[in-house]
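**Student:** Structure file input39.pdb (PDB, C-alpha atoms) right here:
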```pdb
ATOM      1  CA  VAL A   1       3.608 -27.549 -22.322
ATOM      2  CA  GLN A   2       1.675 -24.660 -23.845
ATOM      3  CA  LEU A   3       0.197 -21.610 -22.163
ATOM      4  CA  GLN A   4      -2.466 -19.791 -24.169
ATOM      5  CA  ALA A   5      -3.315 -16.319 -22.923
ATOM      6  CA  SER A   6      -6.298 -14.269 -24.041
ATOM      7  CA  GLY A   7      -8.339 -11.242 -23.056
ATOM      8  CA  GLY A   8      -5.981  -8.368 -23.670
ATOM      9  CA  GLY A   9      -6.957  -5.325 -25.657
ATOM     10  CA  PHE A  10      -7.616  -1.631 -25.592
ATOM     11  CA  MET A  11      -9.524   0.064 -22.781
ATOM     12  CA  GLN A  12     -10.097   3.560 -21.506
ATOM     13  CA  ALA A  13      -8.904   4.516 -18.048
ATOM     14  CA  GLY A  14     -11.328   3.357 -15.377
ATOM     15  CA  GLY A  15     -12.476   0.392 -17.383
ATOM     16  CA  SER A  16     -12.019  -3.336 -16.819
ATOM     17  CA  LEU A  17     -10.447  -6.254 -18.621
ATOM     18  CA  ARG A  18     -10.156  -9.926 -17.762
ATOM     19  CA  LEU A  19      -7.191 -12.012 -18.821
ATOM     20  CA  SER A  20      -7.222 -15.794 -19.023
ATOM     21  CA  CYS A  21      -4.389 -18.259 -19.456
ATOM     22  CA  ALA A  22      -4.937 -21.959 -20.014
ATOM     23  CA  ALA A  23      -2.108 -24.450 -19.721
ATOM     24  CA  SER A  24      -1.989 -27.740 -21.556
ATOM     25  CA  GLY A  25       0.460 -30.589 -21.787
ATOM     26  CA  SER A  26       2.436 -32.545 -19.239
ATOM     27  CA  ILE A  27       2.738 -29.874 -16.561
ATOM     28  CA  GLY A  28       3.181 -31.931 -13.436
ATOM     29  CA  ILE A  29       2.480 -30.540  -9.997
ATOM     30  CA  ILE A  30       1.774 -26.813 -10.065
ATOM     31  CA  ARG A  31       3.221 -24.712  -7.267
ATOM     32  CA  ALA A  32       1.801 -21.351  -8.333
ATOM     33  CA  MET A  33       0.235 -19.541 -11.267
ATOM     34  CA  GLY A  34       0.320 -15.871 -12.005
ATOM     35  CA  TRP A  35       0.811 -12.839 -14.161
ATOM     36  CA  TYR A  36       3.741 -10.578 -14.922
ATOM     37  CA  ARG A  37       3.935  -7.547 -17.164
ATOM     38  CA  GLN A  38       6.516  -5.634 -19.132
ATOM     39  CA  ALA A  39       6.074  -2.066 -20.253
ATOM     40  CA  PRO A  40       8.228  -0.571 -23.023
ATOM     41  CA  GLY A  41      11.718   0.185 -21.768
ATOM     42  CA  LYS A  42      11.097  -1.478 -18.407
ATOM     43  CA  GLN A  43      11.888  -4.813 -16.845
ATOM     44  CA  ARG A  44       9.305  -7.516 -16.471
ATOM     45  CA  GLU A  45       7.574  -7.230 -13.122
ATOM     46  CA  LEU A  46       5.270  -9.329 -11.006
ATOM     47  CA  VAL A  47       1.595  -8.383 -11.109
ATOM     48  CA  ALA A  48      -0.121 -11.130  -9.126
ATOM     49  CA  THR A  49       0.281 -14.772  -8.250
ATOM     50  CA  VAL A  50      -1.870 -17.436  -6.667
ATOM     51  CA  ALA A  51      -0.341 -20.473  -5.008
ATOM     52  CA  SER A  52      -1.777 -23.953  -5.208
ATOM     53  CA  GLY A  53      -3.128 -23.528  -1.703
ATOM     54  CA  GLY A  54      -4.904 -20.315  -2.672
ATOM     55  CA  THR A  55      -2.556 -17.719  -1.187
ATOM     56  CA  THR A  56      -2.388 -14.642  -3.390
ATOM     57  CA  ASN A  57       0.320 -12.037  -3.816
ATOM     58  CA  TYR A  58      -0.038  -8.666  -5.542
ATOM     59  CA  ALA A  59       2.208  -5.857  -6.613
ATOM     60  CA  ASP A  60       1.501  -2.756  -4.559
ATOM     61  CA  SER A  61       0.545  -0.868  -7.707
ATOM     62  CA  VAL A  62      -2.416  -3.165  -8.418
ATOM     63  CA  LYS A  63      -3.674  -3.985  -4.918
ATOM     64  CA  GLY A  64      -7.363  -3.273  -4.580
ATOM     65  CA  ARG A  65      -7.834  -3.072  -8.354
ATOM     66  CA  PHE A  66      -6.724  -6.444  -9.715
ATOM     67  CA  SER A  67      -7.785  -9.910  -8.642
ATOM     68  CA  VAL A  68      -6.034 -13.172  -9.526
ATOM     69  CA  SER A  69      -7.780 -16.529  -9.415
ATOM     70  CA  ARG A  70      -7.274 -20.043 -10.721
ATOM     71  CA  ASP A  71      -9.245 -23.072 -11.791
ATOM     72  CA  GLY A  72      -7.120 -26.053 -10.848
ATOM     73  CA  ALA A  73      -9.217 -28.529 -12.760
ATOM     74  CA  LYS A  74      -8.690 -26.558 -15.967
ATOM     75  CA  ASN A  75      -5.095 -25.458 -15.259
ATOM     76  CA  THR A  76      -6.281 -21.927 -15.950
ATOM     77  CA  VAL A  77      -5.359 -18.666 -14.259
ATOM     78  CA  TYR A  78      -7.350 -15.445 -14.514
ATOM     79  CA  LEU A  79      -6.598 -11.796 -13.886
ATOM     80  CA  GLN A  80      -9.535  -9.457 -13.359
ATOM     81  CA  MET A  81      -8.320  -5.905 -13.873
ATOM     82  CA  ASN A  82     -10.579  -3.083 -12.680
ATOM     83  CA  SER A  83     -10.078   0.673 -12.483
ATOM     84  CA  LEU A  84      -7.435   0.450 -15.165
ATOM     85  CA  LYS A  85      -4.870   3.228 -15.406
ATOM     86  CA  PRO A  86      -2.649   4.291 -18.324
ATOM     87  CA  GLU A  87       0.347   3.034 -16.338
ATOM     88  CA  ASP A  88      -1.108  -0.476 -16.535
ATOM     89  CA  THR A  89      -0.279  -0.483 -20.236
ATOM     90  CA  ALA A  90       2.091  -3.381 -20.882
ATOM     91  CA  VAL A  91       2.432  -6.830 -22.337
ATOM     92  CA  TYR A  92       1.047  -9.251 -19.777
ATOM     93  CA  TYR A  93       2.590 -12.706 -19.457
ATOM     94  CA  CYS A  94       1.126 -15.651 -17.611
ATOM     95  CA  ASN A  95       3.441 -17.945 -15.708
ATOM     96  CA  ILE A  96       3.174 -21.385 -14.183
ATOM     97  CA  ALA A  97       5.701 -22.483 -11.605
ATOM     98  CA  THR A  98       5.842 -26.228 -11.156
ATOM     99  CA  MET A  99       7.172 -28.255  -8.298
ATOM    100  CA  PHE A 100       9.779 -30.221 -10.258
ATOM    101  CA  ARG A 101       9.730 -29.058 -13.880
ATOM    102  CA  GLY A 102      10.639 -25.434 -13.639
ATOM    103  CA  SER A 103       8.602 -22.500 -14.891
ATOM    104  CA  TYR A 104       6.612 -21.924 -18.059
ATOM    105  CA  TRP A 105       5.637 -18.646 -19.749
ATOM    106  CA  GLY A 106       2.778 -17.714 -22.019
ATOM    107  CA  GLN A 107       3.263 -15.762 -25.229
ATOM    108  CA  GLY A 108       2.110 -12.443 -23.814
ATOM    109  CA  THR A 109      -1.003 -10.392 -24.429
ATOM    110  CA  GLN A 110      -1.040  -6.627 -24.947
ATOM    111  CA  VAL A 111      -3.070  -4.414 -22.636
ATOM    112  CA  THR A 112      -3.342  -0.762 -23.617
ATOM    113  CA  VAL A 113      -5.106   1.775 -21.398
ATOM    114  CA  SER A 114      -5.812   5.247 -22.723
ATOM    115  CA  SER A 115      -6.241   8.331 -20.569
TER     116      SER A 115
END
```
Written as structure tokens, that's how I'd like the structure from this file.
**Tutor:**
Amino acid sequence: VQLQASGGGFMQAGGSLRLSCAASGSIGIIRAMGWYRQAPGKQRELVATVASGGTTNYADSVKGRFSVSRDGAKNTVYLQMNSLKPEDTAVYYCNIATMFRGSYWGQGTQVTVSS
């Protein structure tokens, strides 16, 4: 199983970025897909997830600014990030949680927001 993330980069505060993560390989039944992030010196934290039934979950710090979505047919998860803040700077990791095969992580994509 491979997860290929893209869309990170450099943005000024207030701007927008869209992350994508496509999964390939023998994944099995997907329970949820989502995004986590890790800033320097901090632990990895949940950003947003979307369950197979469509239920979404967001960290309080990104509610109202970020939107997670998925394309089940393409095994792809997206993260639309609006009104970016410097504190959103981190490496963003996509994650797929399967029903019977555990969890898979992408390689991480850097998002840097300048003030």
**Student:** Find, counting all atoms listed in the file, the residue in A:Lys42, A:Ser26, A:Phe10, A:Leu17 that gets nearest to Phe66 in chain A.
**Tutor:**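 Closest to Phe66 in chain A, using all atoms listed in the file: A:Leu17.
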**Student:** Using Å and a single decimal, report how far CA of Val91 in chain A sits from CA of Gly15 in chain A.
**Tutor:**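 Computing the Euclidean distance for CA of Gly15 in chain A and CA of Val91 in chain A yields 17.3 Å.
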**Student:** For the file shown, report as a ChimeraX atom specification the outcome of the PyMOL selection byres ((chain A and resi 28-40) around 10) at residue level.
**Tutor:** /A:1,19-21,25-27,41-59,68-70,72,75-79,87-106,108-111
**Student:** Which residues match the PyMOL selection byres ((chain A and resi 113) around 6) in the file above, as a ChimeraX atom specification?
**Tutor:** /A:10-13,86,89,112,114
**Student:** Would you mind telling me which residue in A:Ala5, A:Ala73, A:Asn82, A:Ser67 lies nearest to Gln107 in chain A when using all atoms listed in the file?
**Tutor:**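 Ranked by minimum distance to Gln107 in chain A, first place goes to A:Ala5.
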**Student:** If I take CA of Gly9 in chain A and CA of Lys85 in chain A, how far is one from the other in Å, to one decimal?
**Tutor:**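 CA of Lys85 in chain A lies 13.5 Å from CA of Gly9 in chain A.
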**Student:** Name the residues that the PyMOL selection byres ((chain A and resi 65) around 9) pulls out of this structure, and write them as a list in words.
**Tutor:** Ser61, Val62, Lys63, Gly64, Phe66, Ser67, Gln80, Met81, Asn82, Ser83 and Leu84 of chain A
**Student:** Quick one: what's the axis-aligned box for range 35-53 of chain A, all listed atoms, 4 Å on every side, centre and edges in Å to one decimal, as AutoDock Vina command-line options?
**Tutor:**
```
--center_x 4.4 --center_y -11.9 --center_z -12.4 --size_x 23.0 --size_y 32.1 --size_z 29.3
```
